[in-house]
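Scroll down for the structure; my scribbles are underneath it.
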Amino acid sequence: MKNRKHTAIRGITAFSLLLLLSGFSAVLSPVKAQNSTSCRYDDPASEFEHKVILLNHLSAEISIDTISKRVDGYAEFLYTTLNPSIDSVVLYAPGIIPVYASVNDSMAVTRIAGSNIVIKSSNRHWQKQPGKLVIKYFSISPAELHFVGWDDTTRRMRRQIWAHRPFGWIPFQNDRLTIDLKVKFSEAYQVYSNGERIAAASNSGNTRTWHYRMSKPHPFFSTALVIGHYSYRNFSTKAGTPLEYWHYPDQEDHFEPTYRYSVEMFSFLEKELGIRYPWALYRQAPVADYLYGAMETTTATIFGDYMHIDERGWWGRNYVNVNVHELTHQWFGNYIAHEPASDVWLTESLATYYAKLFEKSIFGNDYYEKEKLSEQRKALAQAEINDLPLSHSQAGVARWYQKGSLVLDMLREETGDSLFRKAMTHYLRKHAYGQAGSHDFIRAFYEATGLPLNWFFNQWLFTGGEPHFEVSYHDTTISHQQFIVLIVKQIQQQNCQTDFFRVKVPVTIGYTDGSTTDHMIRLDSRDTSLRIPAPPDKTVSYIVFDSGNHLLKRLSFERTPQQLAAAATGAPLAIDRFEALSALRETSVDLKRDALLKAAGLAENELIYTEVLFQLKADSSQAARNFFHGALRHPDALIRRSAVTSYSLRTPADTSRLTHLLSDPDYINVELALRKLCSYLPSEAEYWLSLTQQETGWRGKNIQIAWLEISARLHGNIPSAELLNYVSGTYEFETRINAINALSQLNYIDPNHAVNLIRAAKHWNPKLSRPAREAIRNYCLVPGNQQLITAALISENTSFGELGME
């Protein structure tokens, strides 16, 4: 699941889920080796759960009533007994009420124990092989089966039911099993689940029974259900895998931009992994009010419909990265599931890594370097919070996704492309349709390559922290030979959990005549001093440490503005020029202007353009203004976005430089330009509003809500009924968030808006509830507003405590 999208609990056992939600504190425990003592963090989720039976097959039938939000279900499990002394089985079943249960056709006793159902029968009943466990049950408003739009009497919201886990609507134990799932529902809707669609049979009473089958064993947790009004298109991959991609019938024009490059993803991954797509088919569907980016249930991905985009929404947030991320999970996550829960990185890091590689193949190396830089920033920000290792169930999203992806980059550089691919293929084949953990992954690499890489995994996987290098250099002469002395210190904090990192680092030395030399150095201790022979008659202009930005690291490297400017304009690699440019931020603009503009002129690189625009935003020189004017009309939408973001309007005449962006192909650029123009020159705002009156935007009606906010500001901060209504539950969460933010900017609240805020703050989707609660906190800073909020809490029969706001 992506991001970029995601909680720590994807693909873990019910037992591990409880551990992750329990908030246990990470404790360092000593581990004694023969000659030293290291330590590791305790992690209860690194333990395997206790089982007494193994589930092999599920035949389930469910029907759903949308008025009562009741699920009636029948589940028949075929199982194998593991424990000869068994007398009861515990299934994870939050909110499920058992009607009856039987074990091999003998009635059993059921008991609800918190989120579990305990099924008890005599030992002799359990021992019959193969075993059959039957449960009839019901559940009302299951917490993880979301009913969207059914309470909206206006019918604006799409009416959907969706779940990306079976929790709460099918009794669960974490196993790999085959499934036959039958769902009875109104024939006016489409029903979507995992595997092959065997039938969609009409019943009396205008209902239909949809039958889906998973014929190969897959992770039970990776089971989905989607019900709604959809159309779908059938096509296939180059290797012949059937594809069934769902979309909204009223948004046909969104299909191609949303699913762009989908066929290419299969070809890329099958070639890269050496294993064909391992399932019979693949389908996808967008859903409303989705909590994350997407979820890769086996053969069937569901994703947030805010990425179900039209052509103009492409530059806001397209679906490419999330799409290939979830597809990669069909290998890493479903074909092979990680076990135990502490090894979640095996699922998320690999999906993040291969998504990044695919985007590189489509969008080029500059895009790839931009993604790596973003990953590094997120991973290092996580390190400010704690130093948990990557292989820990509490490591956090920025480690499981971004750090793990970077570790795989470094692993591939250590092994080389050929051996890396060989090892990944071996790992996939060895653990096909099974479970694997970190040590299985390491063993597969050794078996395929013969390389003893324990040192690598110890420092990047099982040990917390990242290296921090302090770099300096000077010239020296020894026996008439000139040398460059490079001094590198590892200055990261040391404790029993961390050690000095063993790395190889590429170094580029640039000279005043424009030539460069490349060197590879190896570091494995606190202090390293290296003498590099200097070419005769050459003077060093700059040095790049870690040329190409290969390592996850912190870097302290004092350089003069002249040295940085030389690197920013002379380093062969764009990412090295960007690093030098970034280090110039504190330098006076008069000392760096020429270098900034020259660096931007060397390549059409978004990272470099964005950095140069940022550093020149306060520069009133004609050269800087001319650069901005060109960037505002650049063919790259993201460069135009950086330009409008950093552009300073200094005179009314400057507004003419932005007006063309009011019809920009990128919705975000339209909003940015409209807000900047109307803020600078309110007397002309009505004209600019007239030019954008027909725009809606994407995501969350971004242009329309900006338009309504600006219009209200022009009329005494009194919002229209339309803007106020956008906060209500008749709209999807992103529209509601944008409206909440707009009304907060207007500092407007009335009794109706206060009630809508409370309802948003109670919503099950934290993407909506968090900003709603933040808005409530800010309103409550004003005494009169606090009275309105308190009255709304009373009317909604809730309290600050129930909202988590005491």
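Ligands are numbered from 1 in the order shown, chains are lettered A, B, ... in the order of the structure tokens, and residues start at 1 in each chain.
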
(Q) Let's see if you can do this: from backbone DSSP, list all alpha helix (DSSP H) residues in segment 109-238 of chain A, as a ChimeraX atom specification. (A) /A:123-127

**Q.** Contact residues around His753 of chain A with only C-alpha atoms at 7 Å, ignoring same-chain residues under 4 positions, as JSON, numbers by chain
**A.** {"A": [724, 749, 757]}

Q.
Quick check for you: according to DSSP on this backbone, which residues of segment 425-674 of chain A are classed as strand (DSSP E or B)? Reply as a ChimeraX atom specification.
A. /A:434-436,468-478,481-490,503-511,516-523,527-533,540-545,554-557

(Q) When you look at Pro389 of chain A with a cut-off of 6 Å (counting only C-alpha atoms), what residues show up, excluding the ones that are within fewer than 6 positions of it in the same chain? I need them as a PyMOL selection string. (A) chain A and resi 462-464

Q: For Lys592 of chain A, work out the shell of residues within 10 Å, counting only C-alpha atoms and skipping chain neighbours fewer than 2 positions away, then give it as a PyMOL selection string.
A: chain A and resi 561-562+564-565+581+584-585+587-590+594-598+615-616

Keeping only N, CA, C and O atoms, take the residues you just selected and write them out as an mmCIF file, in the first residue's frame.
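Written out: selection28.cif:
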data_model
loop_
_atom_site.group_PDB
_atom_site.id
_atom_site.type_symbol
_atom_site.label_atom_id
_atom_site.label_comp_id
_atom_site.auth_asym_id
_atom_site.auth_seq_id
_atom_site.Cartn_x
_atom_site.Cartn_y
_atom_site.Cartn_z
ATOM 1 N N PRO A 561 31.841 29.898 -0.659
ATOM 2 C CA PRO A 561 30.884 30.166 -1.734
ATOM 3 C C PRO A 561 31.485 29.947 -3.119
ATOM 4 O O PRO A 561 30.791 29.487 -4.030
ATOM 5 N N GLN A 562 32.764 30.231 -3.278
ATOM 6 C CA GLN A 562 33.415 30.037 -4.575
ATOM 7 C C GLN A 562 33.512 28.549 -4.923
ATOM 8 O O GLN A 562 33.282 28.151 -6.066
ATOM 9 N N LEU A 564 31.510 26.178 -3.759
ATOM 10 C CA LEU A 564 30.158 25.712 -4.021
ATOM 11 C C LEU A 564 29.674 26.149 -5.391
ATOM 12 O O LEU A 564 29.038 25.384 -6.123
ATOM 13 N N ALA A 565 29.975 27.395 -5.757
ATOM 14 C CA ALA A 565 29.567 27.885 -7.074
ATOM 15 C C ALA A 565 30.248 27.089 -8.182
ATOM 16 O O ALA A 565 29.635 26.777 -9.214
ATOM 17 N N LEU A 581 24.199 23.725 -4.999
ATOM 18 C CA LEU A 581 23.265 24.851 -5.025
ATOM 19 C C LEU A 581 22.547 24.980 -3.689
ATOM 20 O O LEU A 581 22.407 26.092 -3.140
ATOM 21 N N LEU A 584 24.287 26.711 -0.995
ATOM 22 C CA LEU A 584 24.481 28.149 -1.190
ATOM 23 C C LEU A 584 23.361 28.995 -0.603
ATOM 24 O O LEU A 584 23.381 30.225 -0.731
ATOM 25 N N ARG A 585 22.393 28.400 0.020
ATOM 26 C CA ARG A 585 21.205 29.138 0.456
ATOM 27 C C ARG A 585 21.527 30.322 1.369
ATOM 28 O O ARG A 585 20.856 31.343 1.327
ATOM 29 N N THR A 587 24.185 32.109 1.342
ATOM 30 C CA THR A 587 25.119 33.036 0.705
ATOM 31 C C THR A 587 24.372 34.220 0.116
ATOM 32 O O THR A 587 23.274 34.067 -0.439
ATOM 33 N N SER A 588 24.961 35.412 0.197
ATOM 34 C CA SER A 588 24.362 36.616 -0.374
ATOM 35 C C SER A 588 24.054 36.413 -1.849
ATOM 36 O O SER A 588 24.851 35.844 -2.591
ATOM 37 N N VAL A 589 22.888 36.907 -2.267
ATOM 38 C CA VAL A 589 22.471 36.689 -3.653
ATOM 39 C C VAL A 589 23.439 37.320 -4.641
ATOM 40 O O VAL A 589 23.638 36.809 -5.757
ATOM 41 N N ASP A 590 24.071 38.419 -4.272
ATOM 42 C CA ASP A 590 25.014 39.069 -5.190
ATOM 43 C C ASP A 590 26.229 38.194 -5.459
ATOM 44 O O ASP A 590 26.852 38.295 -6.520
ATOM 45 N N ASP A 594 25.088 34.741 -10.465
ATOM 46 C CA ASP A 594 25.603 34.236 -11.748
ATOM 47 C C ASP A 594 25.681 32.715 -11.755
ATOM 48 O O ASP A 594 25.339 32.063 -12.750
ATOM 49 N N ALA A 595 26.119 32.147 -10.631
ATOM 50 C CA ALA A 595 26.226 30.691 -10.551
ATOM 51 C C ALA A 595 24.841 30.038 -10.604
ATOM 52 O O ALA A 595 24.651 29.005 -11.257
ATOM 53 N N LEU A 596 23.864 30.633 -9.918
ATOM 54 C CA LEU A 596 22.518 30.084 -9.936
ATOM 55 C C LEU A 596 21.949 30.058 -11.347
ATOM 56 O O LEU A 596 21.406 29.043 -11.809
ATOM 57 N N LEU A 597 22.067 31.150 -12.028
ATOM 58 C CA LEU A 597 21.506 31.230 -13.375
ATOM 59 C C LEU A 597 22.249 30.318 -14.347
ATOM 60 O O LEU A 597 21.637 29.695 -15.223
ATOM 61 N N LYS A 598 23.554 30.236 -14.177
ATOM 62 C CA LYS A 598 24.328 29.342 -15.044
ATOM 63 C C LYS A 598 23.939 27.884 -14.794
ATOM 64 O O LYS A 598 23.786 27.096 -15.741
ATOM 65 N N GLN A 615 15.885 30.491 -4.399
ATOM 66 C CA GLN A 615 16.950 31.362 -3.904
ATOM 67 C C GLN A 615 16.921 32.749 -4.543
ATOM 68 O O GLN A 615 17.503 33.686 -3.995
ATOM 69 N N LEU A 616 16.251 32.886 -5.679
ATOM 70 C CA LEU A 616 16.182 34.193 -6.350
ATOM 71 C C LEU A 616 14.863 34.920 -6.100
ATOM 72 O O LEU A 616 14.630 35.986 -6.688
#

(Q) Could you check the closest approach to Glu256 of chain A for each of A:Glu611, A:Ser222, A:Ile309, A:Ser121 and tell me which residue wins, using only C-alpha atoms? (A) A:Ile309
